[in-house]
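Read the structure below first, then the notes.
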Amino acid sequence: MQSVNDTRISEFILLGFSEGPELQPLIFGLFLSMYLITVCGNLIIILVAVSDSHLYTPMYFFLSNLSFADICFTSTTIPKMLWNIQTQTQVITYADCITQMYFFIIFSGLDIYLLAVMAYDRFVAICHPLQYMVIMNPRLCGLLVLMSWITSVSHSLLQTSMVLRLSFCTEVEIPHFFCELNQMIQLACSDTFSNNMVMYFAAMLLAGGPLTGIIYSYSKIVSSIHRISSGKGKYKAFSTCASHLSVVSLFFCTSLGVYLSSAVTQNSHTSAVASVMYTVVTPMLNPFIYSLRNKDIKMALKRIIGVPAM
């Protein structure tokens with residue numbers, strides 16, 4: 001007798017945002033625009049940081065890595081969704097689904113770790129300015145980025161290998177626009193206790209740890225700024241970390257909001273729509289936040305395109 005479980009299931013169905021065909025062109029145009037803005041904006045940040053010698057500092061080294069991670073982050077999900085809309089299909093193969101989930105976990109984790117590393121960089125710059133270049137030397141900067149990659153890849157390998165052990169039955173519809181880890185676990189018809197435990201433990205350790213580090217760094221930064229006597233000095237110190245603080249707030253508030261709201265409402269469609277905030281909108285806004293609020297990047301852009309400084 002054939003088993004009901006089928007670990008060799010060939011494909012899943014990505015339900016996306018709307019089953020109404022009249023809305024698909026609008027969704028396609030909206031997400032294509034956001035994706036192109038994200039890729040172009042982050043590419044500009046990388047090219048500026050690499051091309052201008054004035055930006056050869058730890059802060060912009062980490063920023064260029066964050067921009068690269070954001071490009072890859074959105075590229076794991078949006079192109080497939082656009083392709084499905086264009087071809088009027090909702091199918092994703094089992095192998096593609098696992099691959100998409102694997103890279104999504106890598107680059108979402110990399111975003112978190114790089115934001116934590118950048119918070120530490122700002123902490124050293126403001127709280128220990130005289131020792132900044134000694135502490136944040138090229139070797140340490142490279143090591144911090146390397147450790148972020150190793151941790152992200154290791155975590156993704158762990159989660160993906162555990163999903164590969166799961167069996168899937170006849171329920172193959174994913175109420176999301178990409179293969180998200182939690183959705184995959186919920187679709188399984190085999191025992192998922194160990195998967196859930198690893199997923200929640202990893203979330204507390206690998207996301208809670210960096211968030212705690214960010215909060216600690218900024219508590220020290222605020223304390224250090226508060227001790228500065230002049231208002232001009234306080235403004236100058238705060239302006240060096242304002243862009244990063246904006247990005248951190250946007251990323252963590254939207255991602256935490258998604259998972260907390262999904263835990264309360266248990267509405268998968270609402271969760272999919274809300275996930276757009278941290279998977280698409282935040283990477284798209286990052287270049288604007290850093291370029292509009294950062295004098296160094298604006299000056300570097302002017303030098304590259306040949307506009308004389310005012």
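Naming scheme: A, B, ... for chains in displayed order of the structure tokens; residues 1 onward per chain; ligands 1 onward as shown.
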Using only C-alpha atoms, which residues sit within 8 Å of stretch 166-178 of chain A once same-chain residues fewer than 5 positions away are excluded, as number ranges by chain? A: 4-7, 9, 11-17, 77, 81, 97, 100-101, 183-185, 187-192, 268-269, 271-272
Enumerate the residues of stretch 81-301 of chain A with a DSSP assignment of helix (DSSP H, G or I), computed from the backbone, and present them as a ChimeraX atom specification. /A:81-87,94-127,129-135,138-164,181-187,193-226,231-265,268-292,295-301
Distance in Å - atom CA of A:Thr160 versus atom CA of A:Asn195: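 Value for the atom CA of A:Thr160-atom CA of A:Asn195 distance: 9.9 Å.
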May I have all residues of stretch 146-245 of chain A that DSSP, computed from the backbone, assigns to strand (DSSP E or B), given as JSON, numbers by chain? {"A": [168, 173, 174, 188]}
Could you save those same residues with N, CA and C atoms as an mmCIF file, in the first residue's frame?
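part07.cif, freshly written:
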data_model
loop_
_atom_site.group_PDB
_atom_site.id
_atom_site.type_symbol
_atom_site.label_atom_id
_atom_site.label_comp_id
_atom_site.auth_asym_id
_atom_site.auth_seq_id
_atom_site.Cartn_x
_atom_site.Cartn_y
_atom_site.Cartn_z
ATOM 1 N N PHE A 168 5.632 15.792 2.928
ATOM 2 C CA PHE A 168 4.510 16.642 2.538
ATOM 3 C C PHE A 168 3.436 15.785 1.893
ATOM 4 N N GLU A 173 -0.303 24.149 -1.160
ATOM 5 C CA GLU A 173 -0.528 25.574 -1.385
ATOM 6 C C GLU A 173 0.148 26.386 -0.277
ATOM 7 N N ILE A 174 1.028 27.296 -0.684
ATOM 8 C CA ILE A 174 1.724 28.178 0.261
ATOM 9 C C ILE A 174 1.058 29.548 0.198
ATOM 10 N N ALA A 188 3.856 20.691 6.322
ATOM 11 C CA ALA A 188 4.324 19.305 6.464
ATOM 12 C C ALA A 188 3.296 18.450 7.186
#
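Proximity ranking of A:Leu143, A:Ala274, A:Leu47, A:Ile78 relative to A:Ser33 places A:Ile78 first, based on only C-alpha atoms.
Atom pair atom CA of A:Ser249 / atom CA of A:Val273: separated by 19.4 Å.
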Considering only C-alpha atoms, state which residue in the set A:Asn196, A:Ser156, A:Ser255, A:Thr240 is at the smallest distance from A:Val280.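 Closest candidate: A:Ser255.
Minimum atom-to-atom distance to A:Thr212, evaluated using only C-alpha atoms, belongs to A:Ala116 out of A:Leu285, A:Leu32, A:Ala116, A:Ile71.
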Give me the residues within 8 Å of A:Ser217 as a list in words, counting only C-alpha atoms and dropping any in the same chain fewer than 3 places off. Ala119, Tyr120, Arg122, Phe123, Gly213, Ile214, Lys220 and Ile221 of chain A
For the selection you just gave me, I'd like the residues written to a file as an mmCIF file, in the first residue's frame, keeping all heavy atoms.
data_model
loop_
_atom_site.group_PDB
_atom_site.id
_atom_site.type_symbol
_atom_site.label_atom_id
_atom_site.label_comp_id
_atom_site.auth_asym_id
_atom_site.auth_seq_id
_atom_site.Cartn_x
_atom_site.Cartn_y
_atom_site.Cartn_z
ATOM 1 N N ALA A 119 26.090 48.940 14.266
ATOM 2 C CA ALA A 119 25.802 49.578 15.555
ATOM 3 C C ALA A 119 27.047 49.584 16.434
ATOM 4 O O ALA A 119 27.341 50.578 17.109
ATOM 5 C CB ALA A 119 24.659 48.841 16.254
ATOM 6 N N TYR A 120 27.801 48.492 16.412
ATOM 7 C CA TYR A 120 29.058 48.435 17.171
ATOM 8 C C TYR A 120 30.057 49.452 16.627
ATOM 9 O O TYR A 120 30.768 50.123 17.404
ATOM 10 C CB TYR A 120 29.642 47.027 17.102
ATOM 11 C CG TYR A 120 31.006 46.901 17.757
ATOM 12 C CD1 TYR A 120 31.133 46.981 19.141
ATOM 13 C CD2 TYR A 120 32.149 46.728 16.983
ATOM 14 C CE1 TYR A 120 32.379 46.879 19.745
ATOM 15 C CE2 TYR A 120 33.397 46.622 17.573
ATOM 16 C CZ TYR A 120 33.506 46.699 18.960
ATOM 17 O OH TYR A 120 34.745 46.609 19.557
ATOM 18 N N ARG A 122 29.357 52.319 15.202
ATOM 19 C CA ARG A 122 28.945 53.643 15.669
ATOM 20 C C ARG A 122 29.240 53.828 17.165
ATOM 21 O O ARG A 122 29.579 54.921 17.614
ATOM 22 C CB ARG A 122 27.454 53.864 15.405
ATOM 23 C CG ARG A 122 27.059 53.947 13.939
ATOM 24 C CD ARG A 122 27.739 55.111 13.217
ATOM 25 N NE ARG A 122 29.066 54.771 12.748
ATOM 26 C CZ ARG A 122 30.050 55.635 12.520
ATOM 27 N NH1 ARG A 122 29.848 56.910 12.735
ATOM 28 N NH2 ARG A 122 31.223 55.249 12.078
ATOM 29 N N PHE A 123 29.106 52.743 17.920
ATOM 30 C CA PHE A 123 29.417 52.785 19.350
ATOM 31 C C PHE A 123 30.890 53.132 19.578
ATOM 32 O O PHE A 123 31.223 54.002 20.401
ATOM 33 C CB PHE A 123 29.082 51.436 19.990
ATOM 34 C CG PHE A 123 29.771 51.176 21.298
ATOM 35 C CD1 PHE A 123 29.390 51.843 22.451
ATOM 36 C CD2 PHE A 123 30.827 50.256 21.381
ATOM 37 C CE1 PHE A 123 30.037 51.610 23.664
ATOM 38 C CE2 PHE A 123 31.468 50.020 22.578
ATOM 39 C CZ PHE A 123 31.079 50.696 23.722
ATOM 40 N N GLY A 213 22.463 43.501 21.213
ATOM 41 C CA GLY A 213 23.706 44.238 20.990
ATOM 42 C C GLY A 213 23.458 45.635 20.451
ATOM 43 O O GLY A 213 24.132 46.598 20.850
ATOM 44 N N ILE A 214 22.491 45.757 19.546
ATOM 45 C CA ILE A 214 22.147 47.068 18.981
ATOM 46 C C ILE A 214 21.591 47.985 20.073
ATOM 47 O O ILE A 214 21.984 49.163 20.177
ATOM 48 C CB ILE A 214 21.138 46.912 17.831
ATOM 49 C CG1 ILE A 214 21.801 46.230 16.630
ATOM 50 C CG2 ILE A 214 20.569 48.261 17.420
ATOM 51 C CD1 ILE A 214 20.832 45.847 15.524
ATOM 52 N N LYS A 220 24.592 53.105 25.152
ATOM 53 C CA LYS A 220 25.886 53.708 25.453
ATOM 54 C C LYS A 220 26.114 54.973 24.621
ATOM 55 O O LYS A 220 26.690 55.963 25.107
ATOM 56 C CB LYS A 220 27.004 52.702 25.191
ATOM 57 C CG LYS A 220 27.037 51.524 26.165
ATOM 58 C CD LYS A 220 27.353 52.017 27.566
ATOM 59 C CE LYS A 220 27.494 50.850 28.542
ATOM 60 N NZ LYS A 220 27.799 51.328 29.917
ATOM 61 N N ILE A 221 25.665 54.945 23.360
ATOM 62 C CA ILE A 221 25.799 56.111 22.495
ATOM 63 C C ILE A 221 24.995 57.291 23.043
ATOM 64 O O ILE A 221 25.484 58.420 23.121
ATOM 65 C CB ILE A 221 25.351 55.768 21.058
ATOM 66 C CG1 ILE A 221 26.370 54.833 20.391
ATOM 67 C CG2 ILE A 221 25.159 57.027 20.227
ATOM 68 C CD1 ILE A 221 25.917 54.283 19.057
#
